[in-house]
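Just input.txt here, compact mmCIF, C-alpha atoms:
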# COMPACT_ATOMS: atom_id res chain seq x y z
CA MET C 24 1.25 -27.96 25.02
CA SER C 25 4.73 -28.45 26.43
CA ASP C 26 5.12 -28.42 30.23
CA ILE C 27 8.68 -27.11 29.99
CA PRO C 28 8.79 -23.34 30.65
CA VAL C 29 9.48 -21.32 27.53
CA ASP C 30 10.20 -17.62 27.19
CA GLU C 31 7.36 -16.97 24.76
CA LEU C 32 8.40 -13.45 23.78
CA ALA C 33 11.99 -14.56 23.19
CA VAL C 34 10.83 -17.34 20.85
CA ILE C 35 8.52 -15.03 18.91
CA ASN C 36 11.24 -12.40 18.56
CA LYS C 37 13.71 -15.05 17.37
CA VAL C 38 11.24 -16.18 14.70
CA ALA C 39 10.58 -12.56 13.73
CA ARG C 40 14.29 -11.84 13.29
CA ARG C 41 14.64 -14.88 11.06
CA LEU C 42 11.54 -14.37 8.87
CA LEU C 43 10.59 -10.72 8.76
CA PRO C 44 13.69 -9.20 7.09
CA LEU C 45 13.21 -11.26 3.91
CA VAL C 46 9.43 -11.12 3.61
CA THR C 47 9.42 -7.44 4.55
CA ALA C 48 12.04 -6.72 1.87
CA CYS C 49 9.80 -8.48 -0.68
CA TYR C 50 6.81 -6.36 0.30
CA LEU C 51 8.96 -3.23 0.32
CA GLY C 52 10.05 -4.04 -3.23
CA ALA C 53 6.42 -4.56 -4.23
CA TYR C 54 5.44 -1.14 -2.93
CA ILE C 55 8.35 0.55 -4.66
CA ASP C 56 7.22 -1.22 -7.83
CA ARG C 57 3.64 0.00 -7.37
CA GLN C 58 4.68 3.56 -6.56
CA ASN C 59 7.12 3.89 -9.46
CA ILE C 60 4.24 4.32 -11.92
CA ALA C 61 3.04 7.48 -10.11
CA PHE C 62 6.40 9.15 -10.77
CA ALA C 63 7.02 7.62 -14.21
CA LYS C 64 3.64 9.09 -15.20
CA LEU C 65 5.00 12.64 -14.96
CA GLN C 66 7.12 12.00 -18.10
CA MET C 67 5.78 8.77 -19.57
CA MET C 68 2.29 10.15 -20.16
CA ILE C 69 3.77 12.83 -22.41
CA ASP C 70 6.03 10.41 -24.32
CA LEU C 71 3.15 8.01 -24.99
CA HIS C 72 0.82 10.91 -25.95
CA VAL C 73 -2.05 9.80 -23.72
CA SER C 74 -4.42 11.66 -21.40
CA GLU C 75 -4.53 11.45 -17.60
CA THR C 76 -7.57 9.17 -17.60
CA VAL C 77 -6.21 6.88 -20.35
CA PHE C 78 -2.90 6.50 -18.51
CA ALA C 79 -4.65 5.82 -15.20
CA SER C 80 -6.75 3.11 -16.86
CA GLY C 81 -3.64 1.46 -18.26
CA ALA C 82 -1.73 1.73 -14.99
CA SER C 83 -4.62 0.22 -13.04
CA LEU C 84 -4.78 -2.86 -15.31
CA PHE C 85 -2.10 -4.15 -12.95
CA PHE C 86 -4.84 -4.79 -10.41
CA ILE C 87 -7.07 -6.63 -12.89
CA GLY C 88 -4.30 -9.13 -13.55
CA TYR C 89 -3.64 -9.26 -9.82
CA MET C 90 -7.29 -10.02 -8.99
CA ILE C 91 -7.70 -12.74 -11.62
CA PHE C 92 -4.65 -14.73 -10.52
CA GLU C 93 -4.73 -14.00 -6.78
CA ILE C 94 -6.58 -17.10 -5.55
CA PRO C 95 -4.85 -19.59 -7.93
CA SER C 96 -1.47 -18.14 -6.97
CA ASN C 97 -2.12 -18.49 -3.25
CA LEU C 98 -3.31 -22.08 -3.69
CA LEU C 99 -0.10 -22.85 -5.58
CA LEU C 100 1.92 -21.25 -2.78
CA HIS C 101 0.12 -23.51 -0.31
CA LYS C 102 1.03 -26.50 -2.52
CA PHE C 103 4.63 -25.72 -3.49
CA GLY C 104 5.79 -23.72 -0.45
CA ALA C 105 6.56 -20.08 0.19
CA SER C 106 10.23 -20.00 -0.81
CA ARG C 107 9.69 -21.53 -4.25
CA TRP C 108 6.55 -19.63 -5.14
CA ILE C 109 7.63 -16.20 -3.84
CA ALA C 110 10.91 -16.65 -5.73
CA ARG C 111 8.92 -17.33 -8.92
CA ILE C 112 6.85 -14.22 -8.28
CA GLY C 113 9.92 -12.04 -7.78
CA ILE C 114 11.69 -13.16 -10.96
CA SER C 115 8.66 -12.77 -13.22
CA TRP C 116 7.66 -9.39 -11.79
CA GLY C 117 11.23 -8.10 -12.09
CA ILE C 118 11.53 -9.14 -15.74
CA ILE C 119 8.21 -7.50 -16.69
CA THR C 120 9.12 -4.28 -14.84
CA ILE C 121 12.34 -4.10 -16.86
CA LEU C 122 10.35 -4.63 -20.06
CA LEU C 123 8.17 -1.65 -19.12
CA ALA C 124 11.25 0.53 -19.63
CA PHE C 125 10.96 -0.20 -23.35
CA THR C 126 7.25 0.61 -23.71
CA SER C 127 6.69 2.17 -27.12
CA SER C 128 2.90 2.39 -27.39
CA PRO C 129 -0.21 2.62 -25.18
CA LEU C 130 -1.18 -0.96 -26.17
CA MET C 131 2.18 -2.32 -25.06
CA PHE C 132 1.82 -0.38 -21.81
CA TYR C 133 -1.62 -1.88 -21.20
CA ILE C 134 -0.44 -5.45 -21.87
CA LEU C 135 2.65 -5.18 -19.68
CA ARG C 136 0.75 -3.64 -16.78
CA PHE C 137 -1.78 -6.48 -16.90
CA LEU C 138 1.01 -9.09 -17.06
CA LEU C 139 2.83 -7.38 -14.17
CA GLY C 140 -0.26 -7.75 -12.00
CA ALA C 141 -0.61 -11.41 -12.99
CA ALA C 142 3.07 -12.02 -12.20
CA GLU C 143 2.93 -10.36 -8.79
CA ALA C 144 -0.43 -11.91 -7.82
CA GLY C 145 -0.22 -13.92 -4.63
CA LEU C 146 2.76 -12.13 -3.09
CA TYR C 147 0.88 -10.11 -0.48
CA PRO C 148 -1.73 -12.71 0.54
CA GLY C 149 0.91 -15.41 0.30
CA ILE C 150 3.15 -13.68 2.82
CA ILE C 151 0.20 -13.02 5.14
CA TYR C 152 -0.75 -16.69 4.97
CA TYR C 153 2.90 -17.68 5.47
CA LEU C 154 3.20 -15.55 8.62
CA SER C 155 0.04 -17.17 10.03
CA LEU C 156 1.93 -20.50 9.89
CA TRP C 157 4.60 -19.14 12.22
CA PHE C 158 3.03 -16.68 14.68
CA PRO C 159 0.35 -17.44 17.32
CA ALA C 160 -2.77 -15.26 17.21
CA GLN C 161 -1.91 -12.83 20.00
CA HIS C 162 1.35 -11.86 18.27
CA ARG C 163 -0.01 -11.42 14.73
CA VAL C 164 -1.10 -7.77 14.99
CA ARG C 165 2.38 -6.78 16.14
CA MET C 166 4.04 -8.84 13.41
CA MET C 167 1.64 -7.55 10.77
CA GLY C 168 2.46 -4.05 11.99
CA TYR C 169 6.16 -4.69 11.40
CA PHE C 170 5.37 -6.28 8.04
CA THR C 171 3.16 -3.35 7.04
CA LEU C 172 6.12 -1.10 7.79
CA ALA C 173 7.43 -2.30 4.44
CA SER C 174 4.58 -0.58 2.61
CA SER C 175 5.11 2.75 4.36
CA VAL C 176 8.91 2.50 4.11
CA GLY C 177 8.58 1.42 0.49
CA ASN C 178 6.51 4.48 -0.32
CA MET C 179 8.83 6.64 1.77
CA LEU C 180 11.92 5.42 -0.11
CA SER C 181 10.31 5.26 -3.55
CA GLY C 182 9.57 8.99 -3.50
CA PRO C 183 13.17 10.21 -3.22
CA ILE C 184 14.52 7.33 -5.33
CA CYS C 185 12.02 7.70 -8.19
CA GLY C 186 12.16 11.50 -8.04
CA TRP C 187 15.95 11.41 -8.32
CA LEU C 188 15.90 8.80 -11.12
CA LEU C 189 13.30 10.86 -12.99
CA SER C 190 15.66 13.85 -12.87
CA LYS C 191 18.33 11.75 -14.66
CA HIS C 192 16.39 12.14 -17.91
CA GLY C 193 18.83 11.76 -20.82
CA PHE C 194 21.37 9.54 -19.03
CA ALA C 195 22.60 6.84 -21.44
CA SER C 196 20.04 8.20 -23.94
CA LEU C 197 17.22 7.00 -21.69
CA ALA C 198 14.24 8.94 -20.42
CA GLY C 199 13.88 9.32 -16.66
CA TRP C 200 10.86 7.03 -16.58
CA GLN C 201 12.81 4.30 -18.38
CA ILE C 202 15.58 4.48 -15.79
CA ILE C 203 12.97 4.10 -13.03
CA PHE C 204 11.68 0.83 -14.47
CA LEU C 205 15.15 -0.57 -15.15
CA VAL C 206 16.39 0.10 -11.61
CA THR C 207 13.23 -1.02 -9.79
CA GLY C 208 13.04 -4.19 -11.90
CA ILE C 209 16.43 -5.49 -10.79
CA PHE C 210 15.59 -5.44 -7.06
CA PRO C 211 12.87 -8.19 -7.05
CA ILE C 212 15.09 -10.55 -9.04
CA ILE C 213 17.81 -10.26 -6.39
CA LEU C 214 15.21 -10.80 -3.65
CA ALA C 215 13.85 -13.89 -5.41
CA ILE C 216 17.25 -15.56 -5.26
CA LEU C 217 17.61 -14.79 -1.54
CA VAL C 218 14.10 -16.06 -0.78
CA PHE C 219 14.64 -19.33 -2.63
CA PHE C 220 17.75 -20.19 -0.62
CA PHE C 221 17.12 -18.62 2.78
CA LEU C 222 13.37 -18.47 3.57
CA PRO C 223 12.31 -21.41 5.84
CA GLU C 224 9.01 -23.10 5.01
CA ARG C 225 7.38 -24.24 8.28
CA PRO C 226 8.38 -24.52 11.95
CA GLU C 227 8.60 -28.32 11.64
CA ASN C 228 11.53 -28.26 9.20
CA GLN C 229 13.83 -25.53 10.48
CA ASN C 230 16.83 -25.46 12.80
CA PHE C 231 17.14 -21.91 14.17
CA LEU C 232 15.00 -22.79 17.21
CA ASN C 233 16.11 -25.35 19.78
CA ASN C 234 13.95 -28.44 20.35
CA ILE C 235 12.08 -26.98 23.33
CA GLU C 236 11.30 -23.72 21.51
CA LYS C 237 10.26 -25.58 18.38
CA LYS C 238 7.95 -27.90 20.34
CA TRP C 239 6.30 -24.97 22.12
CA LEU C 240 5.70 -23.12 18.86
CA ILE C 241 4.35 -26.16 17.01
CA ASP C 242 2.09 -27.13 19.94
CA THR C 243 0.74 -23.58 20.32
CA LEU C 244 -0.07 -23.27 16.63
CA ALA C 245 -1.61 -26.77 16.57
CA SER C 246 -3.81 -25.90 19.56
CA GLU C 247 -5.08 -22.75 17.86
CA LYS C 248 -5.72 -24.67 14.65
CA GLU C 249 -7.73 -27.29 16.55
CA LYS C 250 -9.93 -24.61 18.12
CA VAL C 251 -10.63 -23.06 14.72
CA LEU C 252 -11.48 -26.44 13.20
CA GLN C 253 -13.83 -27.26 16.10
CA ASN C 254 -15.74 -24.04 15.44
CA ASP C 255 -15.76 -24.59 11.69
CA SER C 256 -18.92 -25.45 9.77
CA GLN C 257 -17.37 -28.84 8.83
CA ASN C 258 -17.53 -27.87 5.14
CA THR C 259 -14.19 -29.19 3.90
CA ASN C 260 -14.29 -27.36 0.56
CA ALA C 261 -11.66 -24.64 0.82
CA LEU C 262 -13.40 -22.54 -1.82
CA SER C 263 -16.49 -22.30 0.42
CA VAL C 264 -14.82 -19.51 2.41
CA ILE C 265 -15.31 -17.19 -0.56
CA PHE C 266 -18.98 -16.95 0.50
CA ASP C 267 -18.31 -16.65 4.25
CA ILE C 268 -19.91 -13.38 5.42
CA ARG C 269 -16.89 -12.66 7.62
CA VAL C 270 -14.57 -12.97 4.64
CA ILE C 271 -16.90 -10.80 2.53
CA LYS C 272 -16.93 -8.03 5.15
CA LEU C 273 -13.13 -8.08 5.47
CA ALA C 274 -12.82 -8.07 1.68
CA ILE C 275 -14.98 -4.94 1.41
CA CYS C 276 -12.94 -3.35 4.20
CA PHE C 277 -9.74 -4.04 2.31
CA MET C 278 -11.28 -2.72 -0.91
CA LEU C 279 -12.09 0.58 0.81
CA ILE C 280 -8.63 0.77 2.38
CA SER C 281 -7.12 0.14 -1.08
CA ILE C 282 -9.24 2.87 -2.67
CA ALA C 283 -7.93 5.32 -0.07
CA SER C 284 -4.35 4.07 -0.17
CA TYR C 285 -3.85 3.89 -3.92
CA GLY C 286 -5.92 6.99 -4.57
CA LEU C 287 -3.54 8.90 -2.31
CA SER C 288 -0.25 7.31 -3.40
CA TYR C 289 -1.07 7.54 -7.12
CA TRP C 290 -2.25 11.14 -7.02
CA LEU C 291 0.08 12.69 -4.43
CA PRO C 292 3.09 13.12 -6.78
CA SER C 293 0.79 14.86 -9.30
CA LEU C 294 -0.68 17.08 -6.60
CA VAL C 295 2.75 18.04 -5.26
CA ASN C 296 3.87 18.69 -8.84
CA GLU C 297 1.21 21.43 -8.93
CA PHE C 298 3.19 23.20 -6.18
CA GLY C 299 5.84 23.98 -8.79
CA VAL C 300 8.66 21.90 -7.27
CA GLY C 301 11.28 19.83 -9.13
CA TYR C 302 11.25 16.05 -9.46
CA THR C 303 13.76 15.45 -6.65
CA GLU C 304 11.97 17.84 -4.26
CA ASN C 305 8.67 16.17 -5.18
CA GLY C 306 10.13 12.81 -4.22
CA PHE C 307 11.31 13.98 -0.81
CA LEU C 308 8.00 15.69 -0.05
CA ASN C 309 6.18 12.47 -0.94
CA ALA C 310 8.31 10.64 1.61
CA ILE C 311 6.94 12.69 4.55
CA PRO C 312 3.46 11.07 4.88
CA TYR C 313 5.02 7.61 4.77
CA PHE C 314 7.67 8.52 7.32
CA LEU C 315 4.85 9.50 9.69
CA ALA C 316 3.04 6.26 8.79
CA THR C 317 6.17 4.33 9.73
CA LEU C 318 6.26 6.00 13.15
CA ALA C 319 2.56 5.24 13.67
CA LEU C 320 3.08 1.57 12.84
CA ILE C 321 6.00 1.31 15.25
CA PHE C 322 4.47 3.08 18.23
CA LEU C 323 0.66 2.76 17.91
CA VAL C 324 -0.10 -0.64 16.40
CA PRO C 325 1.47 -2.81 19.17
CA ALA C 326 -1.00 -1.26 21.64
CA VAL C 327 -4.08 -2.59 19.79
CA ARG C 328 -3.25 -6.26 19.29
CA LYS C 329 -5.70 -7.91 21.71
CA GLY C 330 -9.42 -8.67 21.62
CA ASP C 331 -11.57 -6.20 19.68
CA ARG C 332 -8.97 -3.44 19.85
CA PRO C 333 -8.03 -3.86 16.15
CA LEU C 334 -11.63 -3.05 15.17
CA TYR C 335 -11.82 0.01 17.43
CA ALA C 336 -8.47 1.21 16.08
CA MET C 337 -9.86 0.87 12.55
CA LEU C 338 -12.92 2.86 13.58
CA ALA C 339 -10.81 5.74 14.97
CA ALA C 340 -8.33 5.74 12.07
CA SER C 341 -11.09 5.87 9.44
CA VAL C 342 -12.74 8.88 11.12
CA PHE C 343 -9.51 10.83 11.56
CA GLY C 344 -8.36 10.02 8.04
CA MET C 345 -11.67 11.13 6.54
CA MET C 346 -11.46 14.47 8.39
CA CYS C 347 -7.90 15.10 7.18
CA PHE C 348 -8.73 14.37 3.53
CA ILE C 349 -11.87 16.55 3.57
CA LEU C 350 -10.04 19.45 5.19
CA SER C 351 -7.19 19.16 2.65
CA VAL C 352 -9.72 19.93 -0.08
CA SER C 353 -11.31 22.88 1.70
CA ILE C 354 -8.02 24.60 2.66
CA HIS C 355 -6.18 26.22 -0.25
CA ASN C 356 -2.85 26.93 1.41
CA ASN C 357 -0.34 24.44 -0.01
CA ALA C 358 1.56 23.99 3.26
CA TYR C 359 -1.57 23.32 5.33
CA ARG C 360 -3.04 21.10 2.64
CA PHE C 361 0.08 18.98 2.46
CA ALA C 362 0.25 18.80 6.27
CA LEU C 363 -3.30 17.41 6.39
CA LEU C 364 -2.52 14.82 3.73
CA SER C 365 0.60 13.87 5.68
CA LEU C 366 -1.61 13.17 8.71
CA GLY C 367 -4.31 11.37 6.72
CA GLY C 368 -1.85 8.98 5.07
CA PRO C 369 -0.73 7.25 8.31
CA CYS C 370 -4.37 6.54 9.18
CA ILE C 371 -4.60 4.26 6.15
CA TYR C 372 -1.51 2.32 7.20
CA ILE C 373 -2.75 1.82 10.75
CA LEU C 374 -5.79 0.10 9.25
CA LEU C 375 -3.80 -2.65 7.50
CA PRO C 376 -2.22 -4.63 10.38
CA CYS C 377 -5.47 -4.34 12.32
CA LEU C 378 -7.38 -5.83 9.40
CA TRP C 379 -4.92 -8.66 8.81
CA ALA C 380 -5.02 -9.78 12.41
CA LEU C 381 -8.64 -10.87 11.92
CA PRO C 382 -8.78 -13.63 9.20
CA SER C 383 -6.51 -16.05 11.06
CA ARG C 384 -8.98 -16.05 13.97
CA PHE C 385 -11.39 -18.20 11.97
CA LEU C 386 -9.41 -19.53 8.96
CA LYS C 387 -6.66 -22.17 8.79
CA ASP C 388 -4.68 -24.15 6.20
CA ALA C 389 -6.10 -24.14 2.63
CA LYS C 390 -9.14 -22.17 3.78
CA ALA C 391 -6.81 -19.49 5.12
CA ALA C 392 -4.95 -19.38 1.79
CA VAL C 393 -8.22 -19.00 -0.15
CA GLY C 394 -9.82 -16.59 2.33
CA ILE C 395 -6.82 -14.26 2.46
CA ALA C 396 -6.49 -14.37 -1.33
CA THR C 397 -10.20 -13.54 -1.66
CA ILE C 398 -9.80 -10.51 0.59
CA THR C 399 -6.78 -9.23 -1.34
CA SER C 400 -8.46 -9.91 -4.69
CA VAL C 401 -11.33 -7.61 -3.77
CA GLY C 402 -8.71 -5.20 -2.47
CA GLY C 403 -7.24 -5.23 -5.96
CA LEU C 404 -10.58 -3.95 -7.24
CA GLY C 405 -10.27 -1.12 -4.72
CA ALA C 406 -6.79 -0.27 -5.98
CA PHE C 407 -8.10 -0.27 -9.57
CA LEU C 408 -10.96 2.03 -8.57
CA GLY C 409 -8.73 4.29 -6.48
CA GLN C 410 -6.32 5.06 -9.31
CA ASN C 411 -9.10 5.62 -11.82
CA LEU C 412 -11.41 7.63 -9.55
CA VAL C 413 -8.79 10.26 -8.72
CA ALA C 414 -8.02 10.65 -12.45
CA TRP C 415 -11.72 10.92 -13.30
CA VAL C 416 -12.33 13.52 -10.58
CA ARG C 417 -9.43 15.56 -11.92
CA HIS C 418 -10.73 15.21 -15.49
CA TRP C 419 -14.30 16.26 -14.70
CA THR C 420 -13.51 19.03 -12.20
CA GLY C 421 -10.19 20.31 -13.49
CA SER C 422 -9.04 20.53 -9.85
CA ALA C 423 -5.86 18.98 -8.47
CA ASP C 424 -7.33 19.13 -4.93
CA LEU C 425 -10.76 17.50 -5.28
CA PRO C 426 -9.39 13.99 -6.08
CA MET C 427 -8.65 13.73 -2.35
CA LEU C 428 -12.39 13.37 -1.80
CA VAL C 429 -11.93 9.80 -3.08
CA PRO C 430 -9.93 8.57 -0.03
CA ALA C 431 -12.24 10.65 2.20
CA GLY C 432 -15.32 8.85 0.85
CA ALA C 433 -13.62 5.46 1.23
CA CYS C 434 -12.80 6.21 4.89
CA LEU C 435 -16.42 7.24 5.53
CA LEU C 436 -17.79 3.98 4.12
CA LEU C 437 -15.17 2.04 6.04
CA PHE C 438 -16.30 3.66 9.29
CA PHE C 439 -19.86 2.39 8.81
CA LEU C 440 -18.73 -1.12 7.87
CA VAL C 441 -16.37 -1.45 10.85
CA TYR C 442 -19.10 -0.14 13.15
CA ASN C 443 -21.37 -2.87 11.79
CA MET C 444 -18.70 -5.51 12.47
CA ILE C 445 -18.29 -4.31 16.05
CA SER C 446 -22.07 -4.38 16.56
CA SER C 447 -22.24 -7.92 15.14
CA ASN C 448 -19.51 -9.09 17.53
CA ARG C 449 -21.47 -7.69 20.49
CA THR C 450 -24.60 -9.64 19.56
CA GLN C 451 -22.77 -12.98 19.14
Take the structure in the file and give it back as structure tokens.
Amino acid sequence: MSDIPVDELAVINKVARRLLPLVTACYLGAYIDRQNIAFAKLQMMIDLHVSETVFASGASLFFIGYMIFEIPSNLLLHKFGASRWIARIGISWGIITILLAFTSSPLMFYILRFLLGAAEAGLYPGIIYYLSLWFPAQHRVRMMGYFTLASSVGNMLSGPICGWLLSKHGFASLAGWQIIFLVTGIFPIILAILVFFFLPERPENQNFLNNIEKKWLIDTLASEKEKVLQNDSQNTNALSVIFDIRVIKLAICFMLISIASYGLSYWLPSLVNEFGVGYTENGFLNAIPYFLATLALIFLVPAVRKGDRPLYAMLAASVFGMMCFILSVSIHNNAYRFALLSLGGPCIYILLPCLWALPSRFLKDAKAAVGIATITSVGGLGAFLGQNLVAWVRHWTGSADLPMLVPAGACLLLFFLVYNMISSNRTQ
């Protein structure tokens, strides 16, 4: 470590200002891209002549492609560098999203959704791994909170944007859902160009920090890496982390969070549509839960960054979220029901930065790339299940309300798993 005094917070904030805008914009674009299908569904399902469950199965094929290519993609990011690989991801995902605007059959829809997942695979775990190369452990929860803002802001913006675009049905002889895919496909291509030219790779080869600041950051990260390696099992095979019980537990946690998150985000536009509102009004109503999630990430997450606080925050958020989702099913007043869902949604987003503060405590380098990719791959299974489960519940019950039992059940299981993790930490 350097003996020269360094303003630690000033260095971290300088790094955050340089890195976070670009990577956060990429994640924001990814969430807009994932949310666009929930609004496109309101028209596209009719044009393709498919049922709710068939459409949900096709839409969720995104996550199958994502899961299959997640670990290889993150290993390639580790090899080629973040700027090159994230740029490749952005260009390919943008092109496929644009192609979705010209979907003419259910089979074409299925193929393109699978290819979209394969193209976008590695973005989320890649950015998480990339941030672990720049931020010391005690600052990662706060930075992951800011990064996770992109998901809540992305959902918050995608509602009004997609709702408005959907209402432009007939413009230039295009359906509203086609316009959604065309517009949201251009954004990642622009981002890819910016990332390629402006995203720095590692602290060692950048120039926005002075020599003293750079030395402090490199030494701090190297010291943390050395501690992790000393506590490691000495198994040098990076793929061995796939079977690490800590990675498995975090992967299941992320799967449950994804079931809740994607179950809510995929079904909420359809639920609000049952209120009898127009497309634009639907979009603005859908923005409310994510606006509240944004506030929660800004004001609550920084307070839980140390020690076991992330786990206790996950415990509390899972309980409160479960209660909100269950009550939303039992109360039949639309205003109260929507208010409960608007409170339950932020609980899911509080869970994410808390979860992602944990892997870097015991994983580094290639093992970190594989471990994080493993966690997000299993999370992709949760997203696949979340979208399909809400559609199946609607199909078998005929109720637009009961699908919200899916995120409630996921929060309940998450509570028990996090409690087990806390108990395990106490006995170690």
d(CA of Ala160 (chain C), CA of Leu43 (chain C)) in Å: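 About the pair CA of Ala160 (chain C) and CA of Leu43 (chain C): they are 16.4 Å apart.
With distances restricted to all atoms listed in the file, C:Trp157 is the closest residue to Leu240 (chain C) from C:Phe322, C:Tyr302, C:Phe220, C:Trp157.
Atom pair CA of Gln410 (chain C) / CA of Met167 (chain C): separated by 25.0 Å.
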Among the residues C:Asn296, C:Thr207, C:Ser263, C:Ser115, the one that comes closest to Leu65 (chain C) [using all atoms listed in the file]: C:Asn296
